[in-house]
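Visitor: This structure is in C-alpha coordinates; I'll ask about it shortly.
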Amino acid sequence: MTADPAARPTRSGPPRWLLATLAALAVAALAFAAGRFTTFGALDQAASPTTTSPEAGFARDMQLHHAQAVDMAMTLYRETEDPQLRALAYDIATAQSAQQGEMYSWLVSWGLPQAGGPTMAWMTDASGHGHGAPARETLREEDLLVQMGMATDAQLSAFEAASGPAADCMFLDLMTTHHEGAIDMVDAVLELGSEPRVRHVAQGMKDTQRFEIDAMAAASERLGCSAD
(Lines give C-alpha, C1' and ligand atoms only; values in the text may rest on other atoms or scores of the structure.)
Protein backbone atom coordinates (compact mmCIF):
# COMPACT_ATOMS: atom_id res chain seq x y z
CA MET A 1 0.00 0.00 0.00
CA THR A 2 2.99 2.32 -0.56
CA ALA A 3 3.81 4.26 -3.65
CA ASP A 4 6.88 2.14 -4.35
CA PRO A 5 5.76 -1.42 -5.22
CA ALA A 6 9.21 -2.79 -4.50
CA ALA A 7 9.01 -1.48 -0.95
CA ARG A 8 5.67 -3.14 -0.18
CA PRO A 9 5.79 -6.21 2.07
CA THR A 10 4.59 -9.44 0.57
CA ARG A 11 1.34 -11.07 1.67
CA SER A 12 3.03 -14.40 2.30
CA GLY A 13 2.43 -14.21 6.04
CA PRO A 14 2.22 -11.95 9.08
CA PRO A 15 5.35 -10.50 10.67
CA ARG A 16 7.13 -12.98 12.89
CA TRP A 17 7.05 -10.61 15.84
CA LEU A 18 3.27 -10.26 15.59
CA LEU A 19 2.80 -14.02 15.39
CA ALA A 20 5.00 -14.42 18.44
CA THR A 21 3.01 -11.78 20.28
CA LEU A 22 -0.30 -13.42 19.44
CA ALA A 23 1.03 -16.84 20.42
CA ALA A 24 2.19 -15.48 23.75
CA LEU A 25 -1.20 -13.92 24.34
CA ALA A 26 -2.93 -17.20 23.56
CA VAL A 27 -0.70 -19.05 26.02
CA ALA A 28 -1.34 -16.38 28.64
CA ALA A 29 -5.06 -16.73 28.03
CA LEU A 30 -4.84 -20.45 28.71
CA ALA A 31 -3.20 -19.85 32.06
CA PHE A 32 -5.60 -17.03 32.92
CA ALA A 33 -8.65 -19.08 31.98
CA ALA A 34 -7.48 -22.08 33.98
CA GLY A 35 -7.26 -19.93 37.07
CA ARG A 36 -10.63 -18.31 36.46
CA PHE A 37 -12.34 -21.69 36.12
CA THR A 38 -11.96 -22.22 39.86
CA THR A 39 -13.82 -18.98 40.56
CA PHE A 40 -16.65 -19.83 38.21
CA GLY A 41 -16.84 -23.51 39.19
CA ALA A 42 -16.04 -24.72 35.69
CA LEU A 43 -13.65 -27.39 36.92
CA ASP A 44 -16.50 -29.21 38.59
CA GLN A 45 -16.88 -32.17 36.24
CA ALA A 46 -20.43 -32.87 37.42
CA ALA A 47 -21.49 -29.43 36.19
CA SER A 48 -19.31 -29.30 33.07
CA PRO A 49 -21.02 -28.81 29.70
CA THR A 50 -21.40 -31.90 27.52
CA THR A 51 -20.04 -32.28 24.00
CA THR A 52 -23.47 -31.48 22.50
CA SER A 53 -24.07 -28.46 24.75
CA PRO A 54 -24.45 -24.90 23.45
CA GLU A 55 -21.29 -23.96 25.36
CA ALA A 56 -19.17 -26.61 23.62
CA GLY A 57 -20.58 -25.79 20.20
CA PHE A 58 -20.02 -22.10 20.78
CA ALA A 59 -16.40 -22.68 21.86
CA ARG A 60 -15.68 -24.74 18.74
CA ASP A 61 -17.44 -22.56 16.17
CA MET A 62 -16.26 -19.28 17.66
CA GLN A 63 -12.63 -20.44 17.60
CA LEU A 64 -13.01 -20.99 13.84
CA HIS A 65 -14.79 -17.66 13.49
CA HIS A 66 -12.08 -15.81 15.43
CA ALA A 67 -9.32 -17.45 13.39
CA GLN A 68 -10.57 -15.82 10.20
CA ALA A 69 -10.97 -12.45 11.92
CA VAL A 70 -7.39 -12.61 13.22
CA ASP A 71 -6.11 -13.50 9.75
CA MET A 72 -7.94 -10.61 8.09
CA ALA A 73 -6.90 -8.18 10.82
CA MET A 74 -3.21 -9.13 10.55
CA THR A 75 -3.36 -8.76 6.77
CA LEU A 76 -4.70 -5.23 7.12
CA TYR A 77 -2.34 -4.41 10.00
CA ARG A 78 0.78 -4.97 7.94
CA GLU A 79 -0.57 -3.34 4.77
CA THR A 80 -2.70 -0.32 5.67
CA GLU A 81 -1.32 3.20 5.82
CA ASP A 82 -4.27 4.44 7.88
CA PRO A 83 -3.14 4.69 11.54
CA GLN A 84 -6.67 4.38 12.94
CA LEU A 85 -7.35 1.21 10.98
CA ARG A 86 -3.94 -0.17 11.93
CA ALA A 87 -4.82 0.33 15.62
CA LEU A 88 -8.26 -1.27 15.14
CA ALA A 89 -6.75 -4.26 13.32
CA TYR A 90 -4.22 -4.73 16.12
CA ASP A 91 -6.96 -4.64 18.75
CA ILE A 92 -9.06 -7.20 16.88
CA ALA A 93 -6.12 -9.54 16.25
CA THR A 94 -4.82 -9.51 19.81
CA ALA A 95 -8.18 -9.67 21.59
CA GLN A 96 -9.62 -12.43 19.45
CA SER A 97 -6.40 -14.46 19.54
CA ALA A 98 -6.52 -14.39 23.34
CA GLN A 99 -10.19 -15.39 23.29
CA GLN A 100 -9.36 -18.31 21.02
CA GLY A 101 -6.91 -19.53 23.63
CA GLU A 102 -9.48 -19.24 26.39
CA MET A 103 -12.15 -21.13 24.43
CA TYR A 104 -9.62 -23.85 23.65
CA SER A 105 -8.92 -24.15 27.37
CA TRP A 106 -12.64 -24.47 28.16
CA LEU A 107 -12.92 -27.59 26.05
CA VAL A 108 -9.74 -29.04 27.57
CA SER A 109 -11.03 -28.42 31.09
CA TRP A 110 -14.39 -29.98 30.24
CA GLY A 111 -12.64 -33.06 28.82
CA LEU A 112 -14.17 -32.46 25.38
CA PRO A 113 -12.67 -32.64 21.86
CA GLN A 114 -11.87 -29.45 20.02
CA ALA A 115 -14.03 -30.55 17.08
CA GLY A 116 -17.37 -32.30 16.99
CA GLY A 117 -20.86 -31.94 15.63
CA PRO A 118 -22.18 -30.04 12.61
CA THR A 119 -21.45 -26.33 12.36
CA MET A 120 -24.04 -24.23 14.24
CA ALA A 121 -26.07 -27.31 15.26
CA TRP A 122 -25.75 -26.20 18.89
CA MET A 123 -27.82 -23.12 18.07
CA THR A 124 -30.98 -25.25 18.26
CA ASP A 125 -32.55 -25.89 21.65
CA ALA A 126 -34.00 -29.17 22.95
CA SER A 127 -37.44 -28.38 21.52
CA GLY A 128 -35.96 -28.13 18.04
CA HIS A 129 -36.29 -24.34 17.90
CA GLY A 130 -33.38 -22.81 16.04
CA HIS A 131 -31.86 -19.51 17.16
CA GLY A 132 -31.67 -17.18 14.19
CA ALA A 133 -32.07 -18.45 10.61
CA PRO A 134 -34.09 -21.67 10.28
CA ALA A 135 -33.45 -24.97 8.51
CA ARG A 136 -29.68 -25.09 9.00
CA GLU A 137 -29.70 -28.85 8.48
CA THR A 138 -30.55 -28.29 4.79
CA LEU A 139 -27.58 -25.97 4.18
CA ARG A 140 -24.14 -26.90 2.89
CA GLU A 141 -21.11 -26.24 5.07
CA GLU A 142 -20.05 -23.24 2.98
CA ASP A 143 -23.55 -21.77 3.30
CA LEU A 144 -23.43 -22.22 7.06
CA LEU A 145 -20.11 -20.38 7.21
CA VAL A 146 -21.59 -17.48 5.25
CA GLN A 147 -24.52 -17.48 7.68
CA MET A 148 -21.94 -17.10 10.47
CA GLY A 149 -20.65 -13.95 8.77
CA MET A 150 -17.50 -15.65 7.48
CA ALA A 151 -15.89 -14.27 4.32
CA THR A 152 -15.81 -16.63 1.35
CA ASP A 153 -12.59 -17.76 -0.32
CA ALA A 154 -13.36 -15.44 -3.24
CA GLN A 155 -13.85 -12.47 -0.91
CA LEU A 156 -10.62 -13.21 0.94
CA SER A 157 -8.71 -13.50 -2.33
CA ALA A 158 -10.08 -10.16 -3.51
CA PHE A 159 -9.17 -8.55 -0.18
CA GLU A 160 -5.62 -9.90 -0.28
CA ALA A 161 -5.20 -8.68 -3.86
CA ALA A 162 -6.48 -5.18 -3.07
CA SER A 163 -4.35 -2.28 -1.92
CA GLY A 164 -4.70 1.24 -0.59
CA PRO A 165 -8.10 2.67 0.29
CA ALA A 166 -9.85 -0.12 -1.63
CA ALA A 167 -8.37 -2.71 0.72
CA ASP A 168 -9.22 -0.58 3.74
CA CYS A 169 -12.85 -0.31 2.67
CA MET A 170 -13.06 -4.00 1.81
CA PHE A 171 -11.75 -4.89 5.26
CA LEU A 172 -14.33 -2.68 6.94
CA ASP A 173 -17.15 -4.28 4.96
CA LEU A 174 -15.98 -7.87 5.53
CA MET A 175 -15.20 -7.37 9.22
CA THR A 176 -18.53 -5.68 9.91
CA THR A 177 -20.37 -8.67 8.43
CA HIS A 178 -18.05 -10.96 10.38
CA HIS A 179 -18.83 -9.19 13.66
CA GLU A 180 -22.56 -9.28 12.98
CA GLY A 181 -22.35 -13.05 12.53
CA ALA A 182 -20.42 -13.36 15.79
CA ILE A 183 -23.08 -11.39 17.66
CA ASP A 184 -25.76 -13.81 16.40
CA MET A 185 -23.70 -16.68 17.83
CA VAL A 186 -23.22 -14.83 21.12
CA ASP A 187 -26.95 -14.17 21.39
CA ALA A 188 -27.58 -17.89 20.87
CA VAL A 189 -25.23 -19.02 23.65
CA LEU A 190 -26.60 -16.34 25.98
CA GLU A 191 -30.11 -17.66 25.31
CA LEU A 192 -29.35 -21.39 25.35
CA GLY A 193 -26.29 -21.73 27.61
CA SER A 194 -25.99 -21.68 31.38
CA GLU A 195 -22.25 -21.95 32.19
CA PRO A 196 -21.33 -18.70 34.00
CA ARG A 197 -17.85 -18.17 32.58
CA VAL A 198 -19.03 -18.75 29.00
CA ARG A 199 -21.89 -16.31 29.44
CA HIS A 200 -19.56 -13.71 30.98
CA VAL A 201 -17.03 -13.93 28.15
CA ALA A 202 -19.74 -14.04 25.48
CA GLN A 203 -21.33 -10.85 26.79
CA GLY A 204 -17.92 -9.17 26.73
CA MET A 205 -17.45 -10.26 23.11
CA LYS A 206 -20.83 -8.80 22.20
CA ASP A 207 -20.12 -5.46 23.87
CA THR A 208 -16.70 -5.17 22.23
CA GLN A 209 -17.86 -6.14 18.77
CA ARG A 210 -20.82 -3.77 18.88
CA PHE A 211 -18.38 -0.96 19.73
CA GLU A 212 -16.08 -2.05 16.87
CA ILE A 213 -19.01 -2.15 14.41
CA ASP A 214 -19.74 1.48 15.29
CA ALA A 215 -16.05 2.35 14.92
CA MET A 216 -15.91 0.65 11.53
CA ALA A 217 -19.03 2.50 10.35
CA ALA A 218 -17.37 5.79 11.32
CA ALA A 219 -14.16 4.77 9.52
CA SER A 220 -16.09 3.77 6.43
CA GLU A 221 -17.77 7.19 6.33
CA ARG A 222 -14.46 8.94 6.95
CA LEU A 223 -12.83 7.09 4.05
CA GLY A 224 -15.81 7.53 1.75
CA CYS A 225 -16.21 3.79 1.33
CA SER A 226 -19.94 3.94 0.61
CA ALA A 227 -19.16 5.97 -2.50
CA ASP A 228 -16.88 3.25 -3.90
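So you can find residues: chains in the C-alpha coordinates are A, B, ... in the order shown, residues in each start at 1, and ligands are numbered from 1 in order.
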Identify, on the basis of only C-alpha atoms, every residue whose closest approach to Asp173 (chain A) does not exceed 9 Å; exclude the query and any residue fewer than 4 positions from it along the same chain; express the result as a list in words.

Guide: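 Counting only C-alpha atoms, the residues come to Asp168, Cys169, Thr177, His178, Met216, Ala217, Ser220 and Cys225 of chain A.
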
Visitor: Find the residues around Ala218 (chain A) up to 12 Å (only C-alpha atoms counted), leave out those fewer than 5 positions away in its own chain, and share them as a PyMOL selection string.

Guide: chain A and resi 84-85+169+172-173+176+211-213+223-226

Visitor: Quick one: everything within 12 Å of Leu76 (chain A), counting only C-alpha atoms, minus sequence neighbours fewer than 4 positions away in the same chain. Send it as a PDB file with N, CA and C atoms, in the first residue's frame.

Guide:
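Result file follows (out.pdb):
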ATOM      1  N   MET A   1       0.816  -1.207   0.000  1.00  0.00           N
ATOM      2  CA  MET A   1       0.000   0.000   0.000  1.00  0.00           C
ATOM      3  C   MET A   1       0.850   1.257   0.000  1.00  0.00           C
ATOM      4  N   PRO A   9       5.579  -4.850   1.550  1.00  0.00           N
ATOM      5  CA  PRO A   9       5.786  -6.207   2.074  1.00  0.00           C
ATOM      6  C   PRO A   9       4.927  -7.188   1.310  1.00  0.00           C
ATOM      7  N   ARG A  11       2.462 -10.574   0.908  1.00  0.00           N
ATOM      8  CA  ARG A  11       1.336 -11.069   1.669  1.00  0.00           C
ATOM      9  C   ARG A  11       1.529 -12.535   2.008  1.00  0.00           C
ATOM     10  N   GLY A  13       2.680 -13.865   4.644  1.00  0.00           N
ATOM     11  CA  GLY A  13       2.427 -14.213   6.040  1.00  0.00           C
ATOM     12  C   GLY A  13       2.624 -13.019   6.936  1.00  0.00           C
ATOM     13  N   PRO A  14       2.081 -13.077   8.147  1.00  0.00           N
ATOM     14  CA  PRO A  14       2.220 -11.952   9.077  1.00  0.00           C
ATOM     15  C   PRO A  14       3.642 -11.832   9.604  1.00  0.00           C
ATOM     16  N   PRO A  15       4.002 -10.667  10.110  1.00  0.00           N
ATOM     17  CA  PRO A  15       5.351 -10.503  10.673  1.00  0.00           C
ATOM     18  C   PRO A  15       5.593 -11.492  11.787  1.00  0.00           C
ATOM     19  N   ALA A  69     -11.064 -13.863  11.571  1.00  0.00           N
ATOM     20  CA  ALA A  69     -10.966 -12.446  11.923  1.00  0.00           C
ATOM     21  C   ALA A  69      -9.517 -12.053  12.195  1.00  0.00           C
ATOM     22  N   VAL A  70      -8.797 -12.882  12.925  1.00  0.00           N
ATOM     23  CA  VAL A  70      -7.390 -12.607  13.221  1.00  0.00           C
ATOM     24  C   VAL A  70      -6.582 -12.539  11.935  1.00  0.00           C
ATOM     25  N   ASP A  71      -6.847 -13.471  11.016  1.00  0.00           N
ATOM     26  CA  ASP A  71      -6.111 -13.503   9.748  1.00  0.00           C
ATOM     27  C   ASP A  71      -6.370 -12.229   8.940  1.00  0.00           C
ATOM     28  N   MET A  72      -7.629 -11.823   8.838  1.00  0.00           N
ATOM     29  CA  MET A  72      -7.943 -10.605   8.095  1.00  0.00           C
ATOM     30  C   MET A  72      -7.342  -9.373   8.773  1.00  0.00           C
ATOM     31  N   THR A  80      -2.034  -1.614   5.716  1.00  0.00           N
ATOM     32  CA  THR A  80      -2.700  -0.316   5.668  1.00  0.00           C
ATOM     33  C   THR A  80      -1.766   0.832   6.032  1.00  0.00           C
ATOM     34  N   GLU A  81      -2.049   1.993   5.459  1.00  0.00           N
ATOM     35  CA  GLU A  81      -1.318   3.199   5.815  1.00  0.00           C
ATOM     36  C   GLU A  81      -2.167   4.107   6.699  1.00  0.00           C
ATOM     37  N   ASP A  82      -3.376   3.655   7.040  1.00  0.00           N
ATOM     38  CA  ASP A  82      -4.267   4.443   7.880  1.00  0.00           C
ATOM     39  C   ASP A  82      -4.000   4.085   9.343  1.00  0.00           C
ATOM     40  N   PRO A  83      -3.513   5.017  10.156  1.00  0.00           N
ATOM     41  CA  PRO A  83      -3.144   4.692  11.540  1.00  0.00           C
ATOM     42  C   PRO A  83      -4.319   4.237  12.396  1.00  0.00           C
ATOM     43  N   GLN A  84      -5.503   4.783  12.153  1.00  0.00           N
ATOM     44  CA  GLN A  84      -6.669   4.375  12.936  1.00  0.00           C
ATOM     45  C   GLN A  84      -7.070   2.937  12.621  1.00  0.00           C
ATOM     46  N   LEU A  85      -7.021   2.585  11.352  1.00  0.00           N
ATOM     47  CA  LEU A  85      -7.350   1.210  10.977  1.00  0.00           C
ATOM     48  C   LEU A  85      -6.275   0.242  11.454  1.00  0.00           C
ATOM     49  N   ARG A  86      -5.018   0.692  11.424  1.00  0.00           N
ATOM     50  CA  ARG A  86      -3.943  -0.170  11.933  1.00  0.00           C
ATOM     51  C   ARG A  86      -4.164  -0.481  13.415  1.00  0.00           C
ATOM     52  N   ALA A  87      -4.565   0.529  14.198  1.00  0.00           N
ATOM     53  CA  ALA A  87      -4.823   0.326  15.623  1.00  0.00           C
ATOM     54  C   ALA A  87      -6.023  -0.601  15.828  1.00  0.00           C
ATOM     55  N   LEU A  88      -7.083  -0.412  15.038  1.00  0.00           N
ATOM     56  CA  LEU A  88      -8.261  -1.269  15.141  1.00  0.00           C
ATOM     57  C   LEU A  88      -7.911  -2.714  14.803  1.00  0.00           C
ATOM     58  N   ALA A  89      -7.144  -2.902  13.728  1.00  0.00           N
ATOM     59  CA  ALA A  89      -6.755  -4.258  13.322  1.00  0.00           C
ATOM     60  C   ALA A  89      -5.928  -4.932  14.412  1.00  0.00           C
ATOM     61  N   TYR A  90      -5.034  -4.173  15.025  1.00  0.00           N
ATOM     62  CA  TYR A  90      -4.219  -4.725  16.119  1.00  0.00           C
ATOM     63  C   TYR A  90      -5.101  -5.154  17.280  1.00  0.00           C
ATOM     64  N   ASP A  91      -6.068  -4.312  17.644  1.00  0.00           N
ATOM     65  CA  ASP A  91      -6.961  -4.640  18.753  1.00  0.00           C
ATOM     66  C   ASP A  91      -7.765  -5.904  18.460  1.00  0.00           C
ATOM     67  N   ILE A  92      -8.283  -6.015  17.241  1.00  0.00           N
ATOM     68  CA  ILE A  92      -9.062  -7.199  16.875  1.00  0.00           C
ATOM     69  C   ILE A  92      -8.191  -8.445  16.921  1.00  0.00           C
ATOM     70  N   ALA A  93      -7.009  -8.367  16.326  1.00  0.00           N
ATOM     71  CA  ALA A  93      -6.125  -9.537  16.254  1.00  0.00           C
ATOM     72  C   ALA A  93      -5.705 -10.019  17.636  1.00  0.00           C
ATOM     73  N   LEU A 156     -11.949 -13.315   0.336  1.00  0.00           N
ATOM     74  CA  LEU A 156     -10.621 -13.214   0.940  1.00  0.00           C
ATOM     75  C   LEU A 156      -9.554 -12.987  -0.118  1.00  0.00           C
ATOM     76  N   PHE A 159      -9.724  -9.414  -1.222  1.00  0.00           N
ATOM     77  CA  PHE A 159      -9.169  -8.547  -0.182  1.00  0.00           C
ATOM     78  C   PHE A 159      -7.647  -8.584  -0.193  1.00  0.00           C
ATOM     79  N   GLU A 160      -7.083  -9.766  -0.292  1.00  0.00           N
ATOM     80  CA  GLU A 160      -5.623  -9.899  -0.277  1.00  0.00           C
ATOM     81  C   GLU A 160      -4.985  -9.299  -1.517  1.00  0.00           C
ATOM     82  N   ALA A 161      -5.737  -9.256  -2.625  1.00  0.00           N
ATOM     83  CA  ALA A 161      -5.202  -8.681  -3.859  1.00  0.00           C
ATOM     84  C   ALA A 161      -5.358  -7.166  -3.908  1.00  0.00           C
ATOM     85  N   ALA A 162      -6.217  -6.622  -3.061  1.00  0.00           N
ATOM     86  CA  ALA A 162      -6.476  -5.178  -3.068  1.00  0.00           C
ATOM     87  C   ALA A 162      -5.358  -4.421  -2.367  1.00  0.00           C
ATOM     88  N   SER A 163      -5.351  -3.129  -2.574  1.00  0.00           N
ATOM     89  CA  SER A 163      -4.355  -2.278  -1.920  1.00  0.00           C
ATOM     90  C   SER A 163      -4.949  -0.900  -1.681  1.00  0.00           C
ATOM     91  N   GLY A 164      -4.289  -0.127  -0.837  1.00  0.00           N
ATOM     92  CA  GLY A 164      -4.697   1.238  -0.587  1.00  0.00           C
ATOM     93  C   GLY A 164      -6.086   1.352   0.009  1.00  0.00           C
ATOM     94  N   PRO A 165      -6.771   2.451  -0.269  1.00  0.00           N
ATOM     95  CA  PRO A 165      -8.105   2.671   0.293  1.00  0.00           C
ATOM     96  C   PRO A 165      -9.096   1.573  -0.072  1.00  0.00           C
ATOM     97  N   ALA A 166      -8.941   0.965  -1.230  1.00  0.00           N
ATOM     98  CA  ALA A 166      -9.855  -0.117  -1.631  1.00  0.00           C
ATOM     99  C   ALA A 166      -9.764  -1.284  -0.656  1.00  0.00           C
ATOM    100  N   ALA A 167      -8.556  -1.622  -0.250  1.00  0.00           N
ATOM    101  CA  ALA A 167      -8.372  -2.711   0.718  1.00  0.00           C
ATOM    102  C   ALA A 167      -8.916  -2.312   2.082  1.00  0.00           C
ATOM    103  N   ASP A 168      -8.695  -1.055   2.465  1.00  0.00           N
ATOM    104  CA  ASP A 168      -9.220  -0.580   3.744  1.00  0.00           C
ATOM    105  C   ASP A 168     -10.739  -0.718   3.783  1.00  0.00           C
ATOM    106  N   CYS A 169     -11.390  -0.256   2.722  1.00  0.00           N
ATOM    107  CA  CYS A 169     -12.851  -0.309   2.666  1.00  0.00           C
ATOM    108  C   CYS A 169     -13.352  -1.747   2.618  1.00  0.00           C
ATOM    109  N   MET A 170     -12.651  -2.604   1.892  1.00  0.00           N
ATOM    110  CA  MET A 170     -13.064  -3.998   1.809  1.00  0.00           C
ATOM    111  C   MET A 170     -12.962  -4.663   3.176  1.00  0.00           C
ATOM    112  N   PHE A 171     -11.906  -4.352   3.903  1.00  0.00           N
ATOM    113  CA  PHE A 171     -11.753  -4.889   5.257  1.00  0.00           C
ATOM    114  C   PHE A 171     -12.910  -4.456   6.139  1.00  0.00           C
ATOM    115  N   LEU A 172     -13.261  -3.182   6.105  1.00  0.00           N
ATOM    116  CA  LEU A 172     -14.333  -2.675   6.941  1.00  0.00           C
ATOM    117  C   LEU A 172     -15.657  -3.365   6.624  1.00  0.00           C
ATOM    118  N   LEU A 174     -16.056  -6.450   5.161  1.00  0.00           N
ATOM    119  CA  LEU A 174     -15.983  -7.865   5.533  1.00  0.00           C
ATOM    120  C   LEU A 174     -16.003  -8.048   7.047  1.00  0.00           C
ATOM    121  N   MET A 175     -15.283  -7.192   7.769  1.00  0.00           N
ATOM    122  CA  MET A 175     -15.203  -7.374   9.219  1.00  0.00           C
ATOM    123  C   MET A 175     -16.514  -6.976   9.900  1.00  0.00           C
TER     124      MET A 175
END

Visitor: So how many Å separate CA of Val108 (chain A) and CA of Asp187 (chain A), to one decimal?

Guide: 23.6 Å

Visitor: If you measure from CA of Gly149 (chain A) to CA of Gly101 (chain A), what distance in Å do you get, rounded to one decimal?

Guide: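 Taking CA of Gly149 (chain A) as the start and CA of Gly101 (chain A) as the end point, the length is 21.0 Å.
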
Visitor: Would you kindly return, as an MDAnalysis selection string, each protein, DNA or RNA residue with an atom no farther than 10 Å from any atom of Leu64 (chain A), considering only C-alpha atoms and excluding same-chain residues fewer than 5 positions away?

Guide: chainID A and resid 58:59 69 100 145 150

Visitor: Store the residues picked out above in a file with N, CA, C and O atoms, as a short mmCIF file (atom, residue, chain, number, x, y, z; two decimals), in the first residue's frame.

Guide:
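Output file again26.cif is given in full below:
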data_model
loop_
_atom_site.label_atom_id
_atom_site.label_comp_id
_atom_site.auth_asym_id
_atom_site.auth_seq_id
_atom_site.Cartn_x
_atom_site.Cartn_y
_atom_site.Cartn_z
N PHE A 58 -20.45 -23.50 20.88
CA PHE A 58 -20.02 -22.10 20.78
C PHE A 58 -18.50 -22.01 20.81
O PHE A 58 -17.89 -21.29 20.00
N ALA A 59 -17.87 -22.72 21.75
CA ALA A 59 -16.40 -22.68 21.86
C ALA A 59 -15.73 -23.16 20.59
O ALA A 59 -14.72 -22.60 20.15
N ALA A 69 -11.06 -13.86 11.57
CA ALA A 69 -10.97 -12.45 11.92
C ALA A 69 -9.52 -12.05 12.19
O ALA A 69 -9.06 -10.98 11.76
N GLN A 100 -9.52 -16.96 21.56
CA GLN A 100 -9.36 -18.31 21.02
C GLN A 100 -8.69 -19.23 22.03
O GLN A 100 -9.10 -20.38 22.23
N LEU A 145 -21.19 -21.31 6.88
CA LEU A 145 -20.11 -20.38 7.21
C LEU A 145 -20.49 -18.95 6.82
O LEU A 145 -20.21 -18.00 7.55
N MET A 150 -18.86 -15.38 7.97
CA MET A 150 -17.50 -15.65 7.48
C MET A 150 -17.35 -15.19 6.03
O MET A 150 -18.26 -15.33 5.21
#
